[in-house]
Each structure stands twice: as structure tokens, then as C-alpha cells.
Amino acid sequence: MTAPAPDRKTTWVSIGIIGTMFFIFGFVSWINAILIPYFKIACELSNFQSYLVAFAFYISYLLMSMPSSYLLKKIGYKNGIMVGFWIMALGAFLFVPAAYNRAYPIFLLGLFTLGSGLALLQTVANLYITLIGEKERAAQRISIMGICNKGAGILAPLLFSYVILRPQDNELFKQLPHMADAARTLALDELILRVVGPYTVVGIILFLIGVLVKFSILPELDQQQGTAENNKGGNKSVLQYPHLILGAVAIFLHVGTQVIAIDTIINYAGVMGLSLLEAKALPSYTLTATILGYLSGIVLIPKVFSQRTMLRFCTVFGLILSILVVTAQGHVVLFQMDLDISIWFIVLIGFPNALIWAGIWPLALEGLGPLAKQGSALLIMGLCGNALLPLLYGVLADAIDPKSAYWILTPCFLYLVFYAFKGHRIQRWTGQKKITT
């Protein structure tokens with residue numbers, strides 16, 4: 001027997017709470033755009049080593065998402081949310097000993113722990129917001145959550161850079177390679193200690209939010225949430241749904257393109273002569289383009305275009321932009337910055353990326369019924385694309401050059417075009433018998 005549906009007020013309050021969660025997801029996640037170049041300087045790293053920030057943070061999604069679904073089954077959704085925030089708080093507190101020892105591996109452990117908490121929270125939040133209302137408006141609701149996420153992403157790099165960077169740092173960064181070993185070590189130790197205060201505050205806030213959510217009016221979702229929709233085909237395992245498995249691959253490639261467009265842009269601008277302080281706003285420009293994409297989804301879906309049509313348009317648009325990043329030539333002056341035009345195509349990739357995420361989720365979860373929780377966890381595992389693809393970009397940037405390394409985006413978007421037009425329609429594997437119910 002399923003629990004009664006929450007009333008309208010509770011539903012909207014619940015959406016507000018989930019929206020707040022997405023804001024926190026964005027704030028914690030997109031700080032990485034500043035941490036990557038910051039750690040590269042403070043811990044004296046190569047491109048490849050610096051992108052281990054994204055790897056450590058997002059590989060947790062691969063390792064922890066499926067265990068999270070089983071944990072939620074045992075302790076319930078509200079307790080799961082509380083535990084998720086507490087795990088994130090622990091990850092934030094690990095930055096304190098890491099900073100005092102300027103120990104990059106401990107920073108990576110803290111980032112992995114933060115990501116593990118997020119994996120648990122994302123499993124709840126994305127499933128909840130997908131199933132809470134009409135199926136044909138799922139992309140619209142996800143777009144609203146995306147605005148919360150990317151809005152925080154715009155603020156996070158700017159606020160974090162304001163807290164940890166100083167106007168005189170430009171001169172410091174120029175002098176570092178020429179300092180004596182003892183002086184350079186002292187300067188780098190002082191630089192890295194700047195993260196102690198912000199991450200201590202973040203850890204305390206995350207802990208308290210976990211307590212508040214536990215005692216909020218957020219309803220406990222029925223453990224059988226999703227059974228109202230029949231399990232199409234009568235399958236007993238999520239692995240028997242090709243459109244879900246292909247959707248998880250699509251999520252993997254999509255989030256990889258998203259993080260590459262945001263987390264690599266400061267280092268790429270550095271190749272053009274911009275310092276960290278001068279380039280710190282570039283990730284926010286990409287995230288602003290993403291928010292504009294979400295707003296267009298809220299306005300146009302489903303009144304003007306179906307979420308399927310928007311997914312097809314956005315994947316093709318993203319493919320075109322990915323090719324232009326590496327083939328277009330020339331310089332453009334915008335926001336008082338004279339940069340290669342390719343960097344603005346990277347910024348524009350944020351627009352179609354908004355509705356690709358929103359379009360994949362409802363199509364991938366369609367027809368799963370009581371397997372929706374495991375399906376959601378499988379899609380969250382796809383977020384490890386955030387870990388692996390930026391790392392691969394870093395390898396290519398070191399081996400070839402940062403601009404040519406962006407060719408990695410094109411095959412990703414080619415697959416997304418395939419999923420938007422055909423992949424989501426594949427209902428059974430070759431040789432798999434069709435089961436009628």
C-alpha cells in the first residue's frame with residue numbers, strides 16, 4: 001500500500017527544499033573551477049595532476065551511487081539526506097589538516113568524501129524531482145532545479161576567489177618560479193592556508209543543514225515510489241533496459257562535456273595570457289549561459305516544444321559548438337578581455353548543456369516502475385564522467401596543446417545526438433525476448 005500523496009502546500013515546500021539542495025550541490029561542485037588552478041599553483045602541479053581535483057570529487061559517484069540506493073532503502077529518504085549532508089561536512093573539515101600540511105592527497109580525500117555525500121543526496125533529489133509531478137513536465141522541473149544549481153555555480157567561484165585571493169597575488173604568482181626554495185615554500189604554505197576558514201564554515205553549515213532537513217516537513221517518500229507506473233516489459237533488473245543503460249552512458253558523456261567547459265576554461269585562458277584573478281569570472285559566464293538554457297526550457301517545454309525535441313536540438317547545437325571550439329580562428333574583445341574566439345564557444349556550450357541533462361533523465365527512467373530507484377542510482381553513477389573526461393582532457397593538453405585537447409568534446413556530442421534521436425527508443429537488447437504483461 002502506497003502512502004497518500006502530499007498536499008499542494010507540502011509539495012511546493014518540498015520542491016523548495018529540493019531546490020535548496022540543488023543550490024548547495026552547485027555551490028560545492030563548481031568551486032572546483034577555482035580549486036583546479038589554485039591547487040595547480042599552491043601545490044605545484046601539472047595540468048594532469050590539477051584535474052585530479054575533478055577526478056577525486058566525481059569518481060565517488062561511480063563508487064557510491066549504487067550503495068547509496070541500498071542505504072536509502074534501509075534508512076529512508078529523510079535520514080539519507082541528513083547522512084549525506086554529514087558526509088559532505090566531514091569532507092569539508094578534511095581540508096583543514098590538508099591545508100596545514102599542504103598535502104594534496106588529503107585534499108583529494110576531502111574532495112572524494114564531499115562527492116560521496118553528494119552522490120547520496122543526488123540519488124534522492126533527482127529521483128524525487130523526476131517523479132513528483134506530471135511526466136511530460138519533468139524536464140521543466142529539472143530546469144528549475146538546474147537554475148538553483150548553476151545559480152550557485154555562478155556565485156561559488158566569484159565568492160571563493162574573493163575570499164582566498166588578494167590583489168597582490170598576480171605579482172606573487174609571477175615571482176614564485178624565481179624564488180629560492182625556502183621563500184617559495186613559505187609563500188605557498190601561506191597561500192594554501194587561506195582555504196581553512198572557508199571550508200570550516202562550509203563544514204559547519206552542511207552539518208546544520210542535515211539536522212534541519214531531518215526535522216523539516218519534507219515528506220518521507222514511499223519506498224515503492226514509482227510503482228504507479230507499470231514496469232514496462234516486466235523486467236527484474238535495470239540492466240535489461242537498453243534505453244536506461246544508453247542513457248547512463250549519455251549522462252557520463254554529457255556531464256564530462258559540462259565540466260570540461262567550466263573547469264578547464266581558466267587554465268585555457270592562462271594560455272592566452274590571463275592570470276587567475278583576471279580569468280576567475282569565466283566559469284560564471286559558462287554557467288550563466290547554462291541558466292539561460294534552463295530558462296528557455298521552463299518557457300518552451302512542453303507548451304512549444306516537447307522535451308524530446310529540445311533534447312535533439314540541444315545535442316546538435318552542442319556538436320556544432322564543439323567543432324567550432326577547435327576550428328574557428330580569430331580574436332574577440334568582450335568584457336574587456338581580448339581572447340581567442342574559441343573560448344567564447346566554450347562559454348556558449350553551457351546553453352545546450354542545460355537541456356541535455358533535463359532531457360535525458362525522463363527518457364531514461366521511462367517505464368522502470370519499481371526499479372526507478374536503482375535506475376536513478378545508475379544514472380547518478382554516470383556522473384563519474386565528470387571525473388574521467390576532464391582528466392583525459394588534461395592528458396591531451398599536456399601532450400598536445402590545450403586548444404586541440406577540446407577535440408574530446410566532439411565524439412561526446414556525437415553520441416548524445418545518437419541517444420536523442422534513436423538510443424532512447426531502444427526497448428530491448430538484441431536477442432532479448434519481449435515480455436508481454
# chains A, B, ... in the order shown; residues from 1 in each chain; ligands from 1
call {"tool": "residues_around", "arguments": {"residues": "Val196 of chain A", "least_positions_apart": "3", "cutoff": "12 Å", "atoms": "only C-alpha atoms", "output": "list in words"}}
result
Ala92, Phe93, Leu94, Phe95, Val96, Pro97, Ala98, Ala99, Tyr100, Asn101, Arg102, Phe107, Phe160, Val163, Ile164, Asp189, Glu190, Leu191, Ile192, Leu193, Tyr199, Thr200, Val201, Val202 and Gly203 of chain A
call {"tool": "write_last_selection", "arguments": {"atoms": "C-alpha atoms", "output": "PDB file, in the first residue's frame"}}
result
ATOM      1  CA  ALA A  92      34.929  19.918   4.124  1.00  0.00           C
ATOM      2  CA  PHE A  93      36.618  19.503   7.521  1.00  0.00           C
ATOM      3  CA  LEU A  94      39.353  17.348   5.920  1.00  0.00           C
ATOM      4  CA  PHE A  95      40.564  20.487   4.123  1.00  0.00           C
ATOM      5  CA  VAL A  96      41.875  21.791   7.459  1.00  0.00           C
ATOM      6  CA  PRO A  97      44.616  19.157   8.068  1.00  0.00           C
ATOM      7  CA  ALA A  98      45.280  19.082   4.318  1.00  0.00           C
ATOM      8  CA  ALA A  99      45.989  22.815   4.281  1.00  0.00           C
ATOM      9  CA  TYR A 100      48.223  22.774   7.365  1.00  0.00           C
ATOM     10  CA  ASN A 101      50.354  20.075   5.734  1.00  0.00           C
ATOM     11  CA  ARG A 102      49.955  21.342   2.135  1.00  0.00           C
ATOM     12  CA  PHE A 107      42.734  17.448  -0.261  1.00  0.00           C
ATOM     13  CA  PHE A 160      35.517  31.752  -3.174  1.00  0.00           C
ATOM     14  CA  VAL A 163      37.817  35.097  -0.028  1.00  0.00           C
ATOM     15  CA  ILE A 164      41.095  33.351  -0.908  1.00  0.00           C
ATOM     16  CA  ASP A 189      52.189  27.479   2.694  1.00  0.00           C
ATOM     17  CA  GLU A 190      50.598  30.875   3.356  1.00  0.00           C
ATOM     18  CA  LEU A 191      48.617  30.636   0.127  1.00  0.00           C
ATOM     19  CA  ILE A 192      47.146  27.203   0.838  1.00  0.00           C
ATOM     20  CA  LEU A 193      46.175  28.076   4.434  1.00  0.00           C
ATOM     21  CA  TYR A 199      35.937  25.188   4.453  1.00  0.00           C
ATOM     22  CA  THR A 200      35.494  25.196   8.229  1.00  0.00           C
ATOM     23  CA  VAL A 201      32.452  27.443   7.771  1.00  0.00           C
ATOM     24  CA  VAL A 202      31.161  25.258   4.918  1.00  0.00           C
ATOM     25  CA  GLY A 203      31.531  22.123   7.070  1.00  0.00           C
TER      26      GLY A 203
END
call {"tool": "residues_around", "arguments": {"residues": "Pro402 of chain A", "least_positions_apart": "3", "cutoff": "9 Å", "atoms": "only C-alpha atoms", "output": "list in words"}}
result
Thr264, Asn267, Tyr268, Val271, Tyr393, Gly394, Leu396, Ala397, Asp398, Ala399, Ala405 and Tyr406 of chain A
call {"tool": "atom_distance", "arguments": {"atom1": "atom CA of Trp357 of chain A", "atom2": "atom CA of Leu118 of chain A"}}
result
17.1 Å
call {"tool": "closest_residue", "arguments": {"among": "A:Val211, A:Ala248, A:Ala42, A:Leu292", "to": "Ala354 of chain A", "atoms": "only C-alpha atoms"}}
result
A:Leu292
call {"tool": "select_by_dssp", "arguments": {"residues": "segment 294-337 of chain A", "states": "strand (DSSP E or B)", "output": "PyMOL selection string"}}
result
chain A and resi 331-334+337
call {"tool": "write_last_selection", "arguments": {"atoms": "N, CA and C atoms", "output": "compact mmCIF listing (two decimals), in the first residue's frame"}}
result
# COMPACT_ATOMS: atom_id res chain seq x y z
N HIS A 331 40.31 36.60 -32.90
CA HIS A 331 40.23 37.13 -31.54
C HIS A 331 38.99 38.00 -31.40
N VAL A 332 38.40 37.96 -30.22
CA VAL A 332 37.23 38.77 -29.90
C VAL A 332 37.47 39.47 -28.58
N VAL A 333 37.10 40.74 -28.51
CA VAL A 333 37.21 41.51 -27.27
C VAL A 333 35.83 41.60 -26.63
N LEU A 334 35.68 40.96 -25.47
CA LEU A 334 34.43 41.01 -24.71
C LEU A 334 34.79 41.18 -23.24
N MET A 337 38.28 41.79 -22.25
CA MET A 337 39.27 40.73 -22.43
C MET A 337 39.43 40.43 -23.91
call {"tool": "atom_distance", "arguments": {"atom1": "atom CA of Ile262 of chain A", "atom2": "atom CA of Ile349 of chain A"}}
result
9.5 Å
call {"tool": "atom_distance", "arguments": {"atom1": "atom CA of His424 of chain A", "atom2": "atom CA of Leu246 of chain A"}}
result
7.3 Å
call {"tool": "select_by_dssp", "arguments": {"residues": "segment 45-231 of chain A", "states": "alpha helix (DSSP H)", "output": "ChimeraX atom specification"}}
result
/A:47-50,52-75,77-93,95-100,104-131,138-164,169-175,181-192,196-214
call {"tool": "residues_around", "arguments": {"residues": "Val83 of chain A", "least_positions_apart": "6", "cutoff": "12 Å", "atoms": "only C-alpha atoms", "output": "PDB file with C-alpha atoms, in the first residue's frame"}}
result
ATOM      1  CA  SER A  68      23.513   4.914  -1.733  1.00  0.00           C
ATOM      2  CA  LEU A  71      21.332   2.721   2.107  1.00  0.00           C
ATOM      3  CA  LEU A  72      18.242   4.786   1.304  1.00  0.00           C
ATOM      4  CA  ILE A  75      17.181   4.229   6.468  1.00  0.00           C
ATOM      5  CA  GLY A  76      14.647   6.143   4.361  1.00  0.00           C
ATOM      6  CA  TYR A  77      14.962   9.305   2.335  1.00  0.00           C
ATOM      7  CA  ALA A  89      30.613  18.167   6.220  1.00  0.00           C
ATOM      8  CA  LEU A  90      33.325  15.609   7.020  1.00  0.00           C
ATOM      9  CA  LEU A 114      32.374  15.594  -0.364  1.00  0.00           C
ATOM     10  CA  SER A 116      30.323  10.705  -1.701  1.00  0.00           C
ATOM     11  CA  GLY A 117      27.854  12.764   0.300  1.00  0.00           C
ATOM     12  CA  LEU A 118      26.667  14.417  -2.881  1.00  0.00           C
ATOM     13  CA  ALA A 119      26.181  11.024  -4.566  1.00  0.00           C
ATOM     14  CA  LEU A 120      23.775  10.066  -1.795  1.00  0.00           C
ATOM     15  CA  LEU A 121      21.924  13.395  -1.985  1.00  0.00           C
ATOM     16  CA  VAL A 124      17.369  11.273  -3.690  1.00  0.00           C
ATOM     17  CA  LEU A 206      26.483  21.435   5.929  1.00  0.00           C
ATOM     18  CA  PHE A 207      26.218  19.689   9.296  1.00  0.00           C
ATOM     19  CA  LEU A 208      23.469  22.047  10.475  1.00  0.00           C
ATOM     20  CA  ILE A 209      21.532  21.736   7.196  1.00  0.00           C
ATOM     21  CA  GLY A 210      21.465  17.972   7.661  1.00  0.00           C
ATOM     22  CA  VAL A 211      19.852  18.434  11.077  1.00  0.00           C
ATOM     23  CA  LEU A 212      17.316  20.965   9.747  1.00  0.00           C
ATOM     24  CA  VAL A 213      16.239  18.729   6.844  1.00  0.00           C
ATOM     25  CA  LYS A 214      15.706  15.830   9.248  1.00  0.00           C
TER      26      LYS A 214
END
call {"tool": "closest_residue", "arguments": {"among": "A:Ile408, A:Phe413, A:Ala261, A:Leu244", "to": "Leu365 of chain A", "atoms": "only C-alpha atoms"}}
result
A:Leu244
